[in-house]
Protein chains: 2
Amino acid sequence: MTDRLVVVGGDAGGMTAASQARRRVPDTGELEIVAFERGEFTSYSACGIPYLVGDVVHEYGDLVARSPEEHRQRGIDVRTRHEVVGVDLGRRVVHVRDLDGGDEADHGFDQLVLGTGAVPVRPQLDGIDADGVFGVQTLADGIAVRRAVDQDKPARAVVIGSGYVGLEMAEAMTRRGLEVALVEAHEQPMYTLDPDMGALVADALGGVGVKLYLGERATAFETSDGRVRAVVTEQRTLPCDLVVLGLGVAPNSALAIEAGLGVGETGGIMTDERMETTTDGVWAAGDCVETWHRISHRPVAIALGTHANKQGRVVGVNVTDGEATFPGVIGTAVTKVCAHEVARTGLTERETAEAGIDSVAATIEATTRAGYFPGAEQIKVKVVAELGTGQLLGGQIVGKEGAAKRIDVLAAAIWNGMTAEELIGLDVGYAPPFSPLWDPVLTAARKLTDVVGA
Amino acid sequence: MTDRLVVVGGDAGGMTAASQARRRVPDTGELEIVAFERGEFTSYSACGIPYLVGDVVHEYGDLVARSPEEHRQRGIDVRTRHEVVGVDLGRRVVHVRDLDGGDEADHGFDQLVLGTGAVPVRPQLDGIDADGVFGVQTLADGIAVRRAVDQDKPARAVVIGSGYVGLEMAEAMTRRGLEVALVEAHEQPMYTLDPDMGALVADALGGVGVKLYLGERATAFETSDGRVRAVVTEQRTLPCDLVVLGLGVAPNSALAIEAGLGVGETGGIMTDERMETTTDGVWAAGDCVETWHRISHRPVAIALGTHANKQGRVVGVNVTDGEATFPGVIGTAVTKVCAHEVARTGLTERETAEAGIDSVAATIEATTRAGYFPGAEQIKVKVVAELGTGQLLGGQIVGKEGAAKRIDVLAAAIWNGMTAEELIGLDVGYAPPFSPLWDPVLTAARKLTDVVGA
């Protein structure tokens, strides 16, 4: 008898689950895998969209890791332009609409994977639906912004929100010759950093001519002839030809809620460690799920391709009678803002305060290579630990070439519960082209031990 | 009453101990610190010598982190050109010879730090003492090689031994326009890697024109007029104007042995975790000590500035009534061979076999950035784990820009006893300029889980 696995959503979470399942159970009739995707594309790099817009990547096809046709060749029945509009958990069927033909039909499943992704936050402001106001979530969104920049030759853009996507889009548009203004409600860009590290990002943005309006909130859009003409904030009006919304995303859990699946306080679909939802044989992976922060011990919903892939792999193993678990996250993230690399992991000082943890922090400046070695670049590292015990809770890095991926060793240290003192002893690689004798991460840990008060 | 701390050796181990002690006990009469160094230099980067020879670094002064004068300004009484020729543990005095004046004198100590470093391996071969045969250990050695290349305009060099120093010196001399031959007794360069990864290093060397003679041993040096003219191996004679010995180093523990301190099977000075030798109040740090390999559970002597600094810090804390320990090593090392970055940590497959551990390995090829991102470079990652449990034991990386320092996250994983499966779940940084969606290190761990047989 053939089992049928139905996947809802053709990007990272869902298709990784499908691919992993197919890898474990070859396409010989035992397991049928059907994936429904309402868009045209599958398995693409959403994180690459700013680079497509900035013309760092020239063709959108370069962002597609695996096309629907390639998935089909691997034994996954992908149906694009098909939207799953309902799930009946009792009858174990999904109700699917063919977006081109308009037909609707029920499809039965033995096991179901929800990989419905996230939806961009769109505040209810006058004019937000005007032409020229773009969200950046799907590859289709990215292609639309790219086309607008290529064809409409806009001169001025406003980006609203300064998370990773907002910053990367701001940089992309300065690369394309636009005047760019960035409107951010907080007093610093990139609120996932502490203010002192955020200030470095502000400097970097200013250095390439991005005009920053911090502590300002967009209140409306001026439009004419159905096109956006300006962004209105509490303080001013910023004329523009194009707007990018970078206000973050929320889990797309509408389908799950309607079906009666459990959804957590973050709005993400609840799952156990095996990524199974509150209903047996129904799984979820990617931006649509709620996961667990290992340091704050709180549920979080973090939209990131790397988590989606890991969760998809876990689902693909478990739906084929294997055993795998997703261990949660610690909020690691990296980005590049012009020549500056920015990284963070664990909790910031602000977040430890919010979590009610007494913490201490230390910040150091060093170089990415031995100081005397050509190409040595500046790097600033901040580490946060629990007061008294010295247990590492978080790290932030801002620097130039070679800075950001040093966050990984901090992430591994935090993940494993190391203290600042223990991190000092860690046997990391040293040679003059790669590091000062004390790696900047270890130097930060050294300084932290002076204040940890253990 | 003033305590007197005497330090033997003015480089990484000894001077870090002295500096750390002075930082904790300011120079107000409570603690006198005297350091004897038989050479002219203090606190220099021995690892930088190949870059001085290759003219990547132009002035030897750039390699000096802290001169004798700078140490004196910080309250450390440094006496260069003074050799400690004997230690009397009973009377607690060192016997010191002034290498310029010729005077000898006893100096009492309350606590003693041995930072006597290492000595290059020099096989007893005919002609080895001829002009033009260089070891590369001290900064004075480095200056001598640099001067020989600058002034004598040698056309051909032979490097004997292909550890890090040998490879870096071979590259340095090709940069200076010399024809370079490399003679290595093993069948691969860089025997600290497995053969498959060593082969990649051989390719890199060949690519810049270094002629490799593998599986060959130098048996003698041809000389005339007191100068080296050729290296003779079992198979051939290699005419040359200059020879560099890169056969590794041995702990310089002669003084410790003579004094009656315990020395281990590696030839290094034995210490406890606090870096105290077998005699109370006598400490050791740096290339002269024997330390502990946390994965093989065997004593090792690894000459590396980063260990020396960490050990020196531990000594500096402990001699000033603090409490610090050195946790041992896992054999992490990185180097650059032309455009190729090479890194290793933990145990190779060969080393697990030697240690009697049943292991499995997996090797993957990936890119350092997202495949579509400009500047994405090749990277090959090999990971080794214990059969059955999947506990990570070692990692090796060969690749281009951005490859090598990824060894740190592997080092942290191995250090903390993570399994391959656990490493897959680790929350490392991802963004297209820095990594494919699955970091190459995680991809390697994924492949490893397929064979671990747990």
# chains A, B, ... in the order shown; residues from 1 in each chain; ligands from 1
>>> select_by_dssp(residues="region 302-369 of chain B", states="helix (DSSP H, G or I)", output="list in words")
Gly305, Thr306, His307, Ala308, Asn309, Lys310, Gln311, Gly312, Arg313, Val314, Val315, Gly316, Val317, Asn318, Glu349, Arg350, Glu351, Thr352, Ala353 and Glu354 of chain B
>>> write_last_selection(atoms="C-alpha atoms", output="PDB file, in the first residue's frame")
ATOM      1  CA  GLY B 305      52.115  30.923  20.370  1.00  0.00           C
ATOM      2  CA  THR B 306      48.485  30.736  21.294  1.00  0.00           C
ATOM      3  CA  HIS B 307      49.036  27.949  23.828  1.00  0.00           C
ATOM      4  CA  ALA B 308      52.102  29.764  25.168  1.00  0.00           C
ATOM      5  CA  ASN B 309      50.062  32.903  25.753  1.00  0.00           C
ATOM      6  CA  LYS B 310      47.227  31.064  27.430  1.00  0.00           C
ATOM      7  CA  GLN B 311      49.623  29.163  29.660  1.00  0.00           C
ATOM      8  CA  GLY B 312      51.513  32.355  30.455  1.00  0.00           C
ATOM      9  CA  ARG B 313      48.272  34.018  31.495  1.00  0.00           C
ATOM     10  CA  VAL B 314      47.462  31.077  33.762  1.00  0.00           C
ATOM     11  CA  VAL B 315      50.880  31.324  35.399  1.00  0.00           C
ATOM     12  CA  GLY B 316      50.547  35.082  35.821  1.00  0.00           C
ATOM     13  CA  VAL B 317      47.247  34.610  37.627  1.00  0.00           C
ATOM     14  CA  ASN B 318      48.490  31.781  39.843  1.00  0.00           C
ATOM     15  CA  GLU B 349      41.590   9.303  10.870  1.00  0.00           C
ATOM     16  CA  ARG B 350      45.204   8.167  11.077  1.00  0.00           C
ATOM     17  CA  GLU B 351      45.479   9.436  14.637  1.00  0.00           C
ATOM     18  CA  THR B 352      42.260   7.764  15.742  1.00  0.00           C
ATOM     19  CA  ALA B 353      43.648   4.491  14.389  1.00  0.00           C
ATOM     20  CA  GLU B 354      46.892   5.043  16.292  1.00  0.00           C
TER      21      GLU B 354
END
>>> closest_atom_pairs(of="chain B", to="chain A", cutoff="8 Å", atoms="only C-alpha atoms", output="CSV")
residue,atom,partner,partner_atom,distance
B:Cys47,CA,A:Ala431,CA,6.7
B:Gly48,CA,A:Pro432,CA,6.3
B:Val56,CA,A:Pro374,CA,7.3
B:Val57,CA,A:Phe373,CA,6.7
B:Asp62,CA,A:Tyr372,CA,5.9
B:Leu63,CA,A:Tyr372,CA,6.9
B:Gly305,CA,A:Leu437,CA,6.8
B:Thr306,CA,A:Leu437,CA,5.6
B:His307,CA,A:Asp427,CA,7.9
B:Asn309,CA,A:Leu437,CA,8.0
B:Lys310,CA,A:Gly425,CA,6.9
B:Phe326,CA,A:Gly425,CA,6.5
B:Pro327,CA,A:Gly425,CA,6.2
B:Gly328,CA,A:Gly425,CA,8.0
B:Val329,CA,A:Asp427,CA,5.9
B:Ile330,CA,A:Asp427,CA,6.4
B:Gly331,CA,A:Asp427,CA,7.4
B:Thr332,CA,A:Gly429,CA,5.5
B:Ala333,CA,A:Gly429,CA,5.0
B:Val334,CA,A:Gly429,CA,5.5
B:Thr335,CA,A:Ala431,CA,6.0
B:Lys336,CA,A:Pro433,CA,7.3
B:Ala343,CA,A:Gly429,CA,7.6
B:Tyr372,CA,A:Asp62,CA,5.9
B:Phe373,CA,A:Val57,CA,6.6
B:Pro374,CA,A:Val56,CA,7.2
B:Gly402,CA,A:Gly402,CA,7.4
B:Ala404,CA,A:Phe434,CA,7.9
B:Lys405,CA,A:Gly429,CA,6.6
B:Arg406,CA,A:Lys405,CA,7.8
B:Ile407,CA,A:Gly429,CA,7.0
B:Asp408,CA,A:Val428,CA,5.1
B:Val409,CA,A:Val409,CA,4.8
B:Ala411,CA,A:Val428,CA,6.5
B:Ala412,CA,A:Ala412,CA,6.0
B:Ala413,CA,A:Ala412,CA,6.6
B:Trp415,CA,A:Leu426,CA,7.6
B:Asn416,CA,A:Asn416,CA,6.6
B:Ile424,CA,A:Lys310,CA,7.7
B:Gly425,CA,A:Pro327,CA,6.2
B:Leu426,CA,A:Ala412,CA,7.1
B:Asp427,CA,A:Val329,CA,5.8
B:Val428,CA,A:Asp408,CA,5.1
B:Gly429,CA,A:Ala333,CA,5.0
B:Tyr430,CA,A:Val334,CA,6.1
B:Ala431,CA,A:Thr335,CA,6.0
B:Pro432,CA,A:Gly48,CA,6.3
B:Pro433,CA,A:Lys336,CA,7.3
B:Phe434,CA,A:Lys405,CA,7.0
B:Leu437,CA,A:Thr306,CA,5.6
B:Trp438,CA,A:Thr306,CA,6.6
>>> write_last_selection(atoms="N, CA and C atoms", output="compact mmCIF listing (two decimals), in the first residue's frame")
# COMPACT_ATOMS: atom_id res chain seq x y z
N CYS B 47 55.48 33.18 14.65
CA CYS B 47 54.63 32.74 13.54
C CYS B 47 54.67 33.70 12.38
N GLY B 48 55.14 34.91 12.62
CA GLY B 48 55.19 35.90 11.55
C GLY B 48 56.45 35.82 10.71
N VAL B 56 56.02 39.95 2.94
CA VAL B 56 54.62 40.33 3.17
C VAL B 56 54.61 41.34 4.32
N VAL B 57 55.45 41.08 5.31
CA VAL B 57 55.74 42.03 6.37
C VAL B 57 57.12 42.60 6.07
N ASP B 62 57.96 45.06 13.04
CA ASP B 62 56.50 44.87 13.04
C ASP B 62 56.10 43.59 13.77
N LEU B 63 57.03 42.65 13.86
CA LEU B 63 56.71 41.38 14.53
C LEU B 63 56.89 41.46 16.04
N GLY B 305 52.19 29.69 19.59
CA GLY B 305 52.11 30.92 20.37
C GLY B 305 50.84 31.07 21.16
N THR B 306 49.76 30.55 20.61
CA THR B 306 48.49 30.74 21.29
C THR B 306 48.41 29.93 22.60
N HIS B 307 48.98 28.71 22.58
CA HIS B 307 49.04 27.95 23.83
C HIS B 307 49.97 28.64 24.82
N ASN B 309 50.71 31.74 25.15
CA ASN B 309 50.06 32.90 25.75
C ASN B 309 49.04 32.51 26.80
N LYS B 310 48.25 31.49 26.47
CA LYS B 310 47.23 31.06 27.43
C LYS B 310 47.88 30.52 28.70
N PHE B 326 44.96 25.69 32.90
CA PHE B 326 45.05 25.51 31.45
C PHE B 326 44.39 24.17 31.14
N PRO B 327 43.37 24.19 30.28
CA PRO B 327 42.54 22.99 30.12
C PRO B 327 43.06 21.96 29.13
N GLY B 328 44.26 22.17 28.58
CA GLY B 328 44.76 21.24 27.58
C GLY B 328 44.43 21.71 26.17
N VAL B 329 44.76 20.87 25.20
CA VAL B 329 44.63 21.27 23.79
C VAL B 329 43.89 20.19 23.01
N ILE B 330 43.45 20.55 21.82
CA ILE B 330 42.90 19.53 20.92
C ILE B 330 43.58 19.60 19.55
N GLY B 331 44.73 20.27 19.52
CA GLY B 331 45.53 20.22 18.28
C GLY B 331 44.99 21.05 17.14
N THR B 332 44.31 22.16 17.47
CA THR B 332 43.82 23.05 16.42
C THR B 332 44.99 23.80 15.79
N ALA B 333 44.99 23.90 14.48
CA ALA B 333 46.03 24.67 13.80
C ALA B 333 45.50 25.13 12.45
N VAL B 334 45.93 26.30 12.03
CA VAL B 334 45.55 26.81 10.71
C VAL B 334 46.80 27.36 10.03
N THR B 335 46.80 27.32 8.72
CA THR B 335 47.89 27.93 7.97
C THR B 335 47.38 28.29 6.59
N LYS B 336 48.22 29.06 5.89
CA LYS B 336 47.86 29.48 4.55
C LYS B 336 48.99 29.00 3.64
N ALA B 343 43.33 23.93 7.65
CA ALA B 343 43.05 23.92 9.09
C ALA B 343 42.77 22.51 9.56
N TYR B 372 25.69 31.19 -5.41
CA TYR B 372 25.42 32.24 -6.38
C TYR B 372 26.08 33.56 -6.02
N PHE B 373 26.72 33.63 -4.85
CA PHE B 373 27.22 34.92 -4.38
C PHE B 373 28.64 35.16 -4.89
N PRO B 374 28.92 36.37 -5.42
CA PRO B 374 30.27 36.64 -5.93
C PRO B 374 31.33 36.38 -4.87
N GLY B 402 38.23 32.37 3.38
CA GLY B 402 37.04 32.16 4.20
C GLY B 402 36.87 30.74 4.70
N ALA B 404 39.40 28.60 6.41
CA ALA B 404 40.16 28.03 7.53
C ALA B 404 39.53 28.27 8.90
N LYS B 405 39.06 29.50 9.15
CA LYS B 405 38.62 29.78 10.52
C LYS B 405 37.31 29.09 10.86
N ARG B 406 36.69 28.44 9.85
CA ARG B 406 35.54 27.60 10.18
C ARG B 406 35.95 26.44 11.08
N ILE B 407 37.25 26.20 11.18
CA ILE B 407 37.72 25.13 12.07
C ILE B 407 37.32 25.43 13.52
N ASP B 408 37.14 26.70 13.86
CA ASP B 408 36.87 27.06 15.26
C ASP B 408 35.55 26.49 15.75
N VAL B 409 34.55 26.46 14.88
CA VAL B 409 33.26 25.94 15.34
C VAL B 409 33.36 24.43 15.51
N ALA B 411 36.17 22.99 16.39
CA ALA B 411 36.96 22.86 17.63
C ALA B 411 36.06 22.99 18.85
N ALA B 412 35.16 23.97 18.81
CA ALA B 412 34.26 24.17 19.95
C ALA B 412 33.32 22.98 20.11
N ALA B 413 32.88 22.41 19.00
CA ALA B 413 31.98 21.25 19.06
C ALA B 413 32.71 20.04 19.65
N TRP B 415 35.47 20.06 21.47
CA TRP B 415 35.84 20.42 22.85
C TRP B 415 34.72 20.09 23.82
N ASN B 416 33.49 20.34 23.36
CA ASN B 416 32.33 20.14 24.23
C ASN B 416 31.68 18.77 24.08
N ILE B 424 24.69 19.16 13.63
CA ILE B 424 23.75 19.54 12.58
C ILE B 424 22.75 20.58 13.09
N GLY B 425 22.37 20.45 14.35
CA GLY B 425 21.37 21.35 14.91
C GLY B 425 21.92 22.68 15.39
N LEU B 426 23.24 22.82 15.40
CA LEU B 426 23.84 24.04 15.98
C LEU B 426 23.43 25.29 15.20
N ASP B 427 23.08 26.33 15.94
CA ASP B 427 22.58 27.57 15.36
C ASP B 427 23.76 28.47 14.96
N VAL B 428 24.35 28.18 13.80
CA VAL B 428 25.46 29.00 13.29
C VAL B 428 24.91 30.05 12.34
N GLY B 429 25.73 31.04 12.06
CA GLY B 429 25.28 32.17 11.26
C GLY B 429 25.12 31.84 9.79
N TYR B 430 24.03 32.35 9.21
CA TYR B 430 23.84 32.18 7.77
C TYR B 430 23.37 33.48 7.12
N ALA B 431 24.06 33.87 6.09
CA ALA B 431 23.61 34.90 5.15
C ALA B 431 24.43 34.66 3.89
N PRO B 432 23.88 34.97 2.71
CA PRO B 432 24.54 34.60 1.47
C PRO B 432 26.01 35.05 1.33
N PRO B 433 26.42 36.22 1.89
CA PRO B 433 27.84 36.58 1.71
C PRO B 433 28.78 35.74 2.56
N PHE B 434 28.25 34.94 3.47
CA PHE B 434 29.09 34.26 4.45
C PHE B 434 29.05 32.75 4.40
N LEU B 437 23.38 27.90 2.71
CA LEU B 437 22.34 27.76 3.71
C LEU B 437 22.75 26.78 4.80
N TRP B 438 23.27 25.64 4.39
CA TRP B 438 23.90 24.74 5.35
C TRP B 438 25.39 25.11 5.35
>>> select_by_dssp(residues="region 111-291 of chain B", states="strand (DSSP E)", output="number ranges by chain")
B: 111-114, 118-120, 133-135, 156-160, 179-184, 211-214, 218-224, 227-233, 237-239, 242-245, 249-251, 282-284, 291
>>> write_last_selection(atoms="C-alpha atoms", output="mmCIF file, in the first residue's frame")
data_model
loop_
_atom_site.group_PDB
_atom_site.id
_atom_site.type_symbol
_atom_site.label_atom_id
_atom_site.label_comp_id
_atom_site.auth_asym_id
_atom_site.auth_seq_id
_atom_site.Cartn_x
_atom_site.Cartn_y
_atom_site.Cartn_z
ATOM 1 C CA GLN B 111 58.798 32.154 42.355
ATOM 2 C CA LEU B 112 60.255 31.088 39.032
ATOM 3 C CA VAL B 113 58.701 30.853 35.569
ATOM 4 C CA LEU B 114 60.392 28.800 32.876
ATOM 5 C CA ALA B 118 61.724 25.073 21.888
ATOM 6 C CA VAL B 119 64.723 24.129 19.824
ATOM 7 C CA PRO B 120 64.510 23.215 16.146
ATOM 8 C CA VAL B 133 71.503 26.200 6.336
ATOM 9 C CA PHE B 134 68.905 27.892 8.474
ATOM 10 C CA GLY B 135 66.611 26.824 11.255
ATOM 11 C CA ARG B 156 67.454 27.993 -5.408
ATOM 12 C CA ALA B 157 66.260 26.917 -2.003
ATOM 13 C CA VAL B 158 65.487 23.544 -0.499
ATOM 14 C CA VAL B 159 63.087 23.264 2.414
ATOM 15 C CA ILE B 160 63.348 20.083 4.442
ATOM 16 C CA GLU B 179 63.095 28.137 -7.193
ATOM 17 C CA VAL B 180 61.983 26.060 -4.251
ATOM 18 C CA ALA B 181 62.171 22.312 -3.677
ATOM 19 C CA LEU B 182 60.495 20.674 -0.696
ATOM 20 C CA VAL B 183 61.819 17.390 0.681
ATOM 21 C CA GLU B 184 59.457 15.438 2.919
ATOM 22 C CA LYS B 211 58.817 21.078 -6.547
ATOM 23 C CA LEU B 212 57.810 18.324 -4.136
ATOM 24 C CA TYR B 213 59.955 15.318 -3.259
ATOM 25 C CA LEU B 214 57.741 13.153 -1.111
ATOM 26 C CA ALA B 218 67.715 14.256 3.376
ATOM 27 C CA THR B 219 70.892 12.318 4.117
ATOM 28 C CA ALA B 220 73.617 14.958 3.784
ATOM 29 C CA PHE B 221 74.517 18.435 2.608
ATOM 30 C CA GLU B 222 77.154 19.093 -0.052
ATOM 31 C CA THR B 223 79.270 22.105 0.834
ATOM 32 C CA SER B 224 82.200 24.078 -0.529
ATOM 33 C CA ARG B 227 78.693 27.097 2.225
ATOM 34 C CA VAL B 228 75.897 24.687 1.426
ATOM 35 C CA ARG B 229 75.723 23.779 -2.290
ATOM 36 C CA ALA B 230 73.219 20.925 -2.405
ATOM 37 C CA VAL B 231 70.901 18.719 -0.395
ATOM 38 C CA VAL B 232 71.489 15.003 -0.874
ATOM 39 C CA THR B 233 68.533 12.653 -0.441
ATOM 40 C CA THR B 237 71.068 15.589 -5.248
ATOM 41 C CA LEU B 238 69.299 18.934 -5.211
ATOM 42 C CA PRO B 239 71.662 21.848 -5.901
ATOM 43 C CA LEU B 242 69.959 28.077 0.743
ATOM 44 C CA VAL B 243 68.385 25.436 2.980
ATOM 45 C CA VAL B 244 65.596 25.855 5.505
ATOM 46 C CA LEU B 245 65.069 23.194 8.135
ATOM 47 C CA VAL B 249 60.892 21.598 17.210
ATOM 48 C CA ALA B 250 61.438 19.918 20.545
ATOM 49 C CA PRO B 251 60.737 21.430 23.972
ATOM 50 C CA VAL B 282 58.294 26.905 39.971
ATOM 51 C CA TRP B 283 56.092 27.312 36.926
ATOM 52 C CA ALA B 284 56.446 26.747 33.207
ATOM 53 C CA THR B 291 50.426 19.460 27.919
#
>>> residues_around(residues="Trp292 (chain B)", least_positions_apart="2", cutoff="12 Å", atoms="only C-alpha atoms", output="list in words")
Asp427 of chain A; Gly264, Glu265, Thr266, Gly268, Ile269, Met270, Thr271, Asp272, Glu273, Met275, Val289, Glu290, Arg294, Ile295, Ser296, His297, Arg298, Pro299, Val300, Ala301, Ile302, His307, Phe326, Pro327, Gly328, Val329, Ile330 and Gly331 of chain B
>>> closest_residue(among="A:Ser19, A:Asp110, A:Val96, A:Asp152", to="Glu70 (chain A)", atoms="only C-alpha atoms")
A:Ser19
>>> residues_around(residues="Glu171 (chain B)", least_positions_apart="2", cutoff="8 Å", atoms="only C-alpha atoms", output="JSON, numbers by chain")
{"B": [54, 167, 168, 169, 173, 174, 175, 205, 210, 337, 338]}
>>> write_last_selection(atoms="N, CA and C atoms", output="short mmCIF file (atom, residue, chain, number, x, y, z; two decimals), in the first residue's frame")
data_model
loop_
_atom_site.label_atom_id
_atom_site.label_comp_id
_atom_site.auth_asym_id
_atom_site.auth_seq_id
_atom_site.Cartn_x
_atom_site.Cartn_y
_atom_site.Cartn_z
N GLY B 54 59.11 36.46 3.35
CA GLY B 54 58.41 36.61 2.07
C GLY B 54 58.13 38.06 1.71
N LEU B 167 56.12 24.71 5.01
CA LEU B 167 55.25 25.15 3.91
C LEU B 167 55.25 26.67 3.79
N GLU B 168 55.14 27.33 4.92
CA GLU B 168 55.08 28.80 4.87
C GLU B 168 56.40 29.37 4.35
N MET B 169 57.52 28.73 4.74
CA MET B 169 58.81 29.21 4.24
C MET B 169 58.96 28.92 2.75
N MET B 173 59.60 31.89 -0.02
CA MET B 173 60.73 31.99 -0.94
C MET B 173 60.29 31.98 -2.40
N THR B 174 59.20 31.33 -2.73
CA THR B 174 58.69 31.46 -4.10
C THR B 174 58.23 32.91 -4.34
N ARG B 175 57.66 33.51 -3.31
CA ARG B 175 57.29 34.93 -3.43
C ARG B 175 58.49 35.80 -3.74
N LEU B 205 50.76 23.50 -3.57
CA LEU B 205 52.19 23.80 -3.65
C LEU B 205 52.68 23.69 -5.09
N VAL B 210 56.30 25.04 -6.47
CA VAL B 210 57.19 24.35 -5.53
C VAL B 210 57.33 22.91 -5.99
N VAL B 337 48.62 28.30 2.60
CA VAL B 337 49.61 27.86 1.62
C VAL B 337 49.18 28.48 0.29
N CYS B 338 49.85 29.56 -0.05
CA CYS B 338 49.47 30.30 -1.25
C CYS B 338 48.00 30.72 -1.09
#
>>> closest_residue(among="A:Asp450, A:Asp129, A:Asp55, A:Glu83", to="Arg176 (chain A)", atoms="only C-alpha atoms")
A:Asp55
>>> closest_residue(among="B:Thr2, B:Ser359, B:Thr348, B:Thr419", to="Gly395 (chain B)", atoms="only C-alpha atoms")
B:Thr348
>>> residues_around(residues="Gln378 (chain A)", least_positions_apart="2", cutoff="8 Å", atoms="only C-alpha atoms", output="list in words")
Glu365, Ala366, Thr367, Thr368, Ala376, Lys380, Gly399 and Lys400 of chain A
>>> write_last_selection(atoms="C-alpha atoms", output="short mmCIF file (atom, residue, chain, number, x, y, z; two decimals), in the first residue's frame")
data_model
loop_
_atom_site.label_atom_id
_atom_site.label_comp_id
_atom_site.auth_asym_id
_atom_site.auth_seq_id
_atom_site.Cartn_x
_atom_site.Cartn_y
_atom_site.Cartn_z
CA GLU A 365 38.35 46.25 19.67
CA ALA A 366 40.87 44.12 17.82
CA THR A 367 41.86 43.14 14.31
CA THR A 368 40.73 40.25 12.12
CA ALA A 376 44.02 43.22 9.00
CA LYS A 380 34.53 44.93 17.69
CA GLY A 399 33.65 44.60 11.84
CA LYS A 400 35.00 44.32 8.36
#
>>> residues_around(residues="Asp11 (chain B)", least_positions_apart="6", cutoff="9 Å", atoms="only C-alpha atoms", output="MDAnalysis selection string")
chainID B and resid 37 41:45 115:117 286 308
>>> atom_distance(atom1="CA of Leu392 (chain B)", atom2="CA of Val441 (chain A)")
22.8 Å
